[in-house]
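Trainee: Mind having a look at this structure? Questions to follow.
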Amino acid sequence: MLQRPRRNRQSAVIRSMVEETRLSVKDMMFPLFVMEGQNTQTEISSMPGIYRFTLDLLLSEIESCVKLGIQSFALFPQIPESKKDSMATESYKKGNIYTESIYEISQRFPEISLLTDVAMDPYSSDGHDGIVKEGQILNDETLPVLAKMAIAQAQAGSKLIGPSDMMDGRVGHLRQALDDAGYSQVGIMAYTAKYASAFYGPFRDALESAPKFGDKKSYQMNPANRREALIEAELDEIEGADFLMVKPALAYLDIIALLKENSHLPIAAYNVSGEYAMVKAAAQNGWIDGEKAMLESLLSIKRAGAQVILTYFAKEFAQLKLA
Ligand code: PBG
């Protein structure tokens with residue numbers, strides 16, 4: 001036999017020499033949840049090891065993550081039901097928990113990268129990412145709300161916003177609004193191919209943000225569609241995105257690879273809450289080796305072409321202290 005692939009697998013050193021993909025904590029962005037109040041952290045029951053923190057404790061959490069080498073974070077707010085309304089007005093109110101957190105974090109940790117979320121759902125009494133009228137999710141009417149939110153976040157110190165709502169035209173609208181307000185340096189990580197997925201369940205538990213009626217299929221993408229992701233990617237590029245994101249990650253590795261081949265922009269992938277929960281649940285039952293399954297999942301996302309991986313595993317990965 002001329003070709004014996006096993007020759008390159010016979011020792012740990014050779015396997016390491018021919019290894020094509022290597023994970024680093026620098027690939028990862030760690031999503032965090034902030035809530036109002038003081039000195040409190042609550043574990044999200046469907047996401048073991050992941051907490052909602054009040055801002056004081058969140059700052060210490062970020063500090064310990066930074067010590068572990070994590071450089072990049074994404075932040076989501078849990079807003080009390082009493083502050084939600086149909087127009088998500090809390091999202092751009094002065095001194096709300098989210099912009100206050102952005103301000104404190106950027107003051108305290110100027111060197112980190114913080115992705116801040118632009119979408120109505122955490123603040124919406126309807127639990128949707130757009131304004132609801134007669135059961136419809138309005139598109140163009142939602143864009144100015146997103147713009148107010150983005151500007152409030154930029155004013156608070158955000159350098160990178162993540163519109164996660166899937167309204168048409170929002171990247172272009174936000175780019176223009178930020179530029180007009182003097183924030184041309186604020187980047188946009190576009191949630192380009194965000195699918196209507198069952199894997200977001202635990203995240204909606206964390207924010208208590210599940211839709212009050214219906215589902216998100218009229219704005220998030222149909223999991224059956226691949227070519228349509230190219231339309232979204234093309235639009236986000238034209239509209240001024242700085243990153244393209246695929247979400248979820250594991251059930252959509254083909255989409256990550258597709259965007260990687262068809263764009264020169266950096267590709268991000270969101271290893272979402274349900275993907276995290278599945279590994280944790282199986283590991284807690286002793287059904288799989290959680291650490292190995294985590295590493296294999298993260299590796300597959302990078303191998304598929306993601307340069308940035310948003311993952312709830314980031315801290316656990318960083319704690320492994322791999323060479
Ligand atoms: C909505 C939003 C969702 C996530 C982040 N922002 C889910 C949804 O559409 O309800 C999901 C993240 C995760 O599951 O980890 N703007």
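Naming works like this for the structure tokens: A, B, ... for the chains as they're shown, residue 1 at the start of each chain, ligands 1 onward in shown order.
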Could the residues that lie within 6 Å of ligand 1, counting only C-alpha atoms and all ligand atoms, be listed as a PyMOL selection string?

Mentor: chain A and resi 119+121+164-165+199-200+203-204+272-273

Trainee: Residues of segment 170-257 of chain A in helix (DSSP H, G or I) according to DSSP, as an MDAnalysis selection string?

Mentor: chainID A and resid 170:180 198:207 227:239 250:257

Trainee: With only C-alpha atoms as the atoms that count, which of A:Ser86, A:Lys94, A:Leu299, A:Gly172 lies nearest to Leu138 of chain A?

Mentor: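 The closest residue to Leu138 of chain A is A:Ser86.
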
Trainee: Provide the atom CA of Ala314 of chain A to atom CA of Met29 of chain A distance in Å, to one decimal place.

Mentor: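 Interatomic distance here is 6.8 Å.
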
Trainee: Need to verify the contact set: Ile267 of chain A, 8 Å, only C-alpha atoms, exclusion of same-chain residues closer than 6 positions in sequence. Can you return it as a PDB file with N, CA, C and O atoms, in the first residue's frame?

Mentor:
ATOM      1  N   PHE A 243     -18.885  41.868  10.336  1.00  0.00           N
ATOM      2  CA  PHE A 243     -18.816  40.414  10.530  1.00  0.00           C
ATOM      3  C   PHE A 243     -20.140  39.831  10.042  1.00  0.00           C
ATOM      4  O   PHE A 243     -21.166  40.502  10.151  1.00  0.00           O
ATOM      5  N   LEU A 244     -20.091  38.596   9.578  1.00  0.00           N
ATOM      6  CA  LEU A 244     -21.324  37.866   9.281  1.00  0.00           C
ATOM      7  C   LEU A 244     -21.446  36.717  10.281  1.00  0.00           C
ATOM      8  O   LEU A 244     -20.475  35.998  10.515  1.00  0.00           O
ATOM      9  N   MET A 245     -22.622  36.552  10.848  1.00  0.00           N
ATOM     10  CA  MET A 245     -22.795  35.471  11.828  1.00  0.00           C
ATOM     11  C   MET A 245     -23.799  34.431  11.350  1.00  0.00           C
ATOM     12  O   MET A 245     -24.780  34.764  10.677  1.00  0.00           O
ATOM     13  N   VAL A 246     -23.513  33.184  11.720  1.00  0.00           N
ATOM     14  CA  VAL A 246     -24.458  32.086  11.510  1.00  0.00           C
ATOM     15  C   VAL A 246     -24.918  31.617  12.888  1.00  0.00           C
ATOM     16  O   VAL A 246     -24.118  31.467  13.806  1.00  0.00           O
ATOM     17  N   ILE A 256     -22.112  27.801   7.776  1.00  0.00           N
ATOM     18  CA  ILE A 256     -20.856  28.474   8.133  1.00  0.00           C
ATOM     19  C   ILE A 256     -19.867  28.326   6.969  1.00  0.00           C
ATOM     20  O   ILE A 256     -19.262  29.303   6.513  1.00  0.00           O
ATOM     21  N   LEU A 259     -20.908  30.475   3.886  1.00  0.00           N
ATOM     22  CA  LEU A 259     -20.619  31.911   3.981  1.00  0.00           C
ATOM     23  C   LEU A 259     -19.114  32.164   3.913  1.00  0.00           C
ATOM     24  O   LEU A 259     -18.659  33.150   3.326  1.00  0.00           O
ATOM     25  N   LYS A 260     -18.356  31.273   4.538  1.00  0.00           N
ATOM     26  CA  LYS A 260     -16.895  31.405   4.493  1.00  0.00           C
ATOM     27  C   LYS A 260     -16.400  31.430   3.046  1.00  0.00           C
ATOM     28  O   LYS A 260     -15.528  32.213   2.686  1.00  0.00           O
ATOM     29  N   GLY A 305     -15.310  26.866   9.463  1.00  0.00           N
ATOM     30  CA  GLY A 305     -14.939  28.168   8.913  1.00  0.00           C
ATOM     31  C   GLY A 305     -15.205  29.363   9.811  1.00  0.00           C
ATOM     32  O   GLY A 305     -15.005  30.505   9.386  1.00  0.00           O
ATOM     33  N   ALA A 306     -15.653  29.124  11.026  1.00  0.00           N
ATOM     34  CA  ALA A 306     -15.927  30.267  11.905  1.00  0.00           C
ATOM     35  C   ALA A 306     -14.633  30.773  12.532  1.00  0.00           C
ATOM     36  O   ALA A 306     -13.862  30.005  13.101  1.00  0.00           O
ATOM     37  N   GLN A 307     -14.449  32.064  12.428  1.00  0.00           N
ATOM     38  CA  GLN A 307     -13.264  32.702  13.003  1.00  0.00           C
ATOM     39  C   GLN A 307     -13.546  33.180  14.419  1.00  0.00           C
ATOM     40  O   GLN A 307     -12.640  33.309  15.234  1.00  0.00           O
ATOM     41  N   VAL A 308     -14.817  33.454  14.682  1.00  0.00           N
ATOM     42  CA  VAL A 308     -15.251  33.869  16.012  1.00  0.00           C
ATOM     43  C   VAL A 308     -16.348  32.902  16.444  1.00  0.00           C
ATOM     44  O   VAL A 308     -17.264  32.620  15.678  1.00  0.00           O
TER      45      VAL A 308
END

Trainee: Rank nothing, just name the residue among A:Glu291, A:Met278, A:Pro144, A:Glu111 nearest to Ala177 of chain A, using only C-alpha atoms.

Mentor: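 Using only C-alpha atoms, the shortest distance to Ala177 of chain A belongs to A:Pro144.
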
Trainee: Hey, what does DSSP flag as strand (DSSP E) within segment 42-271 of chain A? Can you give it to me as a ChimeraX atom specification?

Mentor: /A:42-43,51-54,72-78,113-118,131-133,136-138,160-163,187-194,243-247,267-271

Trainee: I'd like the neighbourhood of Met167 of chain A as a PyMOL selection string, where a residue qualifies if any of its atoms comes within 9 Å (using only C-alpha atoms), though same-chain residues fewer than 5 positions away should be ignored.

Mentor: chain A and resi 129-130+138-140+142-143+219-220

Trainee: Hey, can you check how far atom CA of Arg170 of chain A sits from atom CA of Glu36 of chain A?

Mentor: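 If I compute the distance from atom CA of Arg170 of chain A to atom CA of Glu36 of chain A, I get 28.2 Å.
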
Trainee: Arg175 of chain A: which residues within 7 Å, counting only C-alpha atoms, same-chain residues fewer than 4 positions away excluded, as number ranges by chain?

Mentor: A: 171, 179, 240

Trainee: Using only C-alpha atoms, which residues sit within 8 Å of Ser124 of chain A once same-chain residues fewer than 4 positions away are excluded, as a ChimeraX atom specification?

Mentor: /A:84-88,120,128-129,209

Trainee: Write out as a ChimeraX atom specification the residues lying within 10 Å of Ala304 of chain A, counting only C-alpha atoms and excluding same-chain residues fewer than 6 positions away.

Mentor: /A:21,249-250,252-260,269

Trainee: Output N, CA and C atoms for every residue in the selection just made, as an mmCIF file, in the first residue's frame.

Mentor:
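Output saved as out-v9.cif:
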data_model
loop_
_atom_site.group_PDB
_atom_site.id
_atom_site.type_symbol
_atom_site.label_atom_id
_atom_site.label_comp_id
_atom_site.auth_asym_id
_atom_site.auth_seq_id
_atom_site.Cartn_x
_atom_site.Cartn_y
_atom_site.Cartn_z
ATOM 1 N N THR A 21 -6.711 21.998 12.591
ATOM 2 C CA THR A 21 -7.490 23.038 13.267
ATOM 3 C C THR A 21 -7.146 23.028 14.740
ATOM 4 N N ALA A 249 -25.037 27.152 15.561
ATOM 5 C CA ALA A 249 -23.801 26.736 14.899
ATOM 6 C C ALA A 249 -23.827 25.268 14.467
ATOM 7 N N LEU A 250 -24.105 24.372 15.410
ATOM 8 C CA LEU A 250 -23.841 22.944 15.150
ATOM 9 C C LEU A 250 -24.755 22.327 14.106
ATOM 10 N N TYR A 252 -25.858 23.898 11.746
ATOM 11 C CA TYR A 252 -25.719 24.776 10.572
ATOM 12 C C TYR A 252 -24.270 24.913 10.114
ATOM 13 N N LEU A 253 -23.485 23.853 10.317
ATOM 14 C CA LEU A 253 -22.070 23.918 9.932
ATOM 15 C C LEU A 253 -21.930 24.129 8.425
ATOM 16 N N ASP A 254 -22.863 23.574 7.667
ATOM 17 C CA ASP A 254 -22.809 23.768 6.206
ATOM 18 C C ASP A 254 -23.000 25.236 5.837
ATOM 19 N N ILE A 255 -23.790 25.939 6.628
ATOM 20 C CA ILE A 255 -24.030 27.367 6.338
ATOM 21 C C ILE A 255 -22.781 28.183 6.690
ATOM 22 N N ILE A 256 -22.112 27.801 7.776
ATOM 23 C CA ILE A 256 -20.856 28.474 8.133
ATOM 24 C C ILE A 256 -19.867 28.326 6.969
ATOM 25 N N ALA A 257 -19.735 27.093 6.473
ATOM 26 C CA ALA A 257 -18.790 26.838 5.379
ATOM 27 C C ALA A 257 -19.205 27.599 4.115
ATOM 28 N N LEU A 258 -20.486 27.662 3.881
ATOM 29 C CA LEU A 258 -20.999 28.359 2.695
ATOM 30 C C LEU A 258 -20.665 29.851 2.736
ATOM 31 N N LEU A 259 -20.908 30.475 3.886
ATOM 32 C CA LEU A 259 -20.619 31.911 3.981
ATOM 33 C C LEU A 259 -19.114 32.164 3.913
ATOM 34 N N LYS A 260 -18.356 31.273 4.538
ATOM 35 C CA LYS A 260 -16.895 31.405 4.493
ATOM 36 C C LYS A 260 -16.400 31.430 3.046
ATOM 37 N N ALA A 269 -19.878 32.396 14.475
ATOM 38 C CA ALA A 269 -20.945 31.406 14.659
ATOM 39 C C ALA A 269 -21.364 31.419 16.118
#

Trainee: Would you please work out which residue, of A:Gln38, A:Asn285, A:Gln78, A:Thr311, is nearest to Ser297 of chain A when using only C-alpha atoms?

Mentor: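 Between A:Gln38, A:Asn285, A:Gln78, A:Thr311, the residue approaching Ser297 of chain A most closely is A:Thr311.
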
Trainee: Nearest residue to Glu104 of chain A out of A:Leu68, A:Leu59, A:Ile131, A:Ile309, using only C-alpha atoms?

Mentor: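 Using only C-alpha atoms, the shortest distance to Glu104 of chain A belongs to A:Leu59.
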
Trainee: Using atom CA of Leu23 of chain A and atom CA of Ala318 of chain A as the two end points, give the distance in Å to one decimal.

Mentor: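 A separation of 10.4 Å between them.
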
Trainee: Under the rule that only C-alpha atoms are counted, which of A:Ala198, A:Ile161, A:Ala210, A:Leu298 is the nearest residue to Asp242 of chain A?

Mentor: A:Ile161
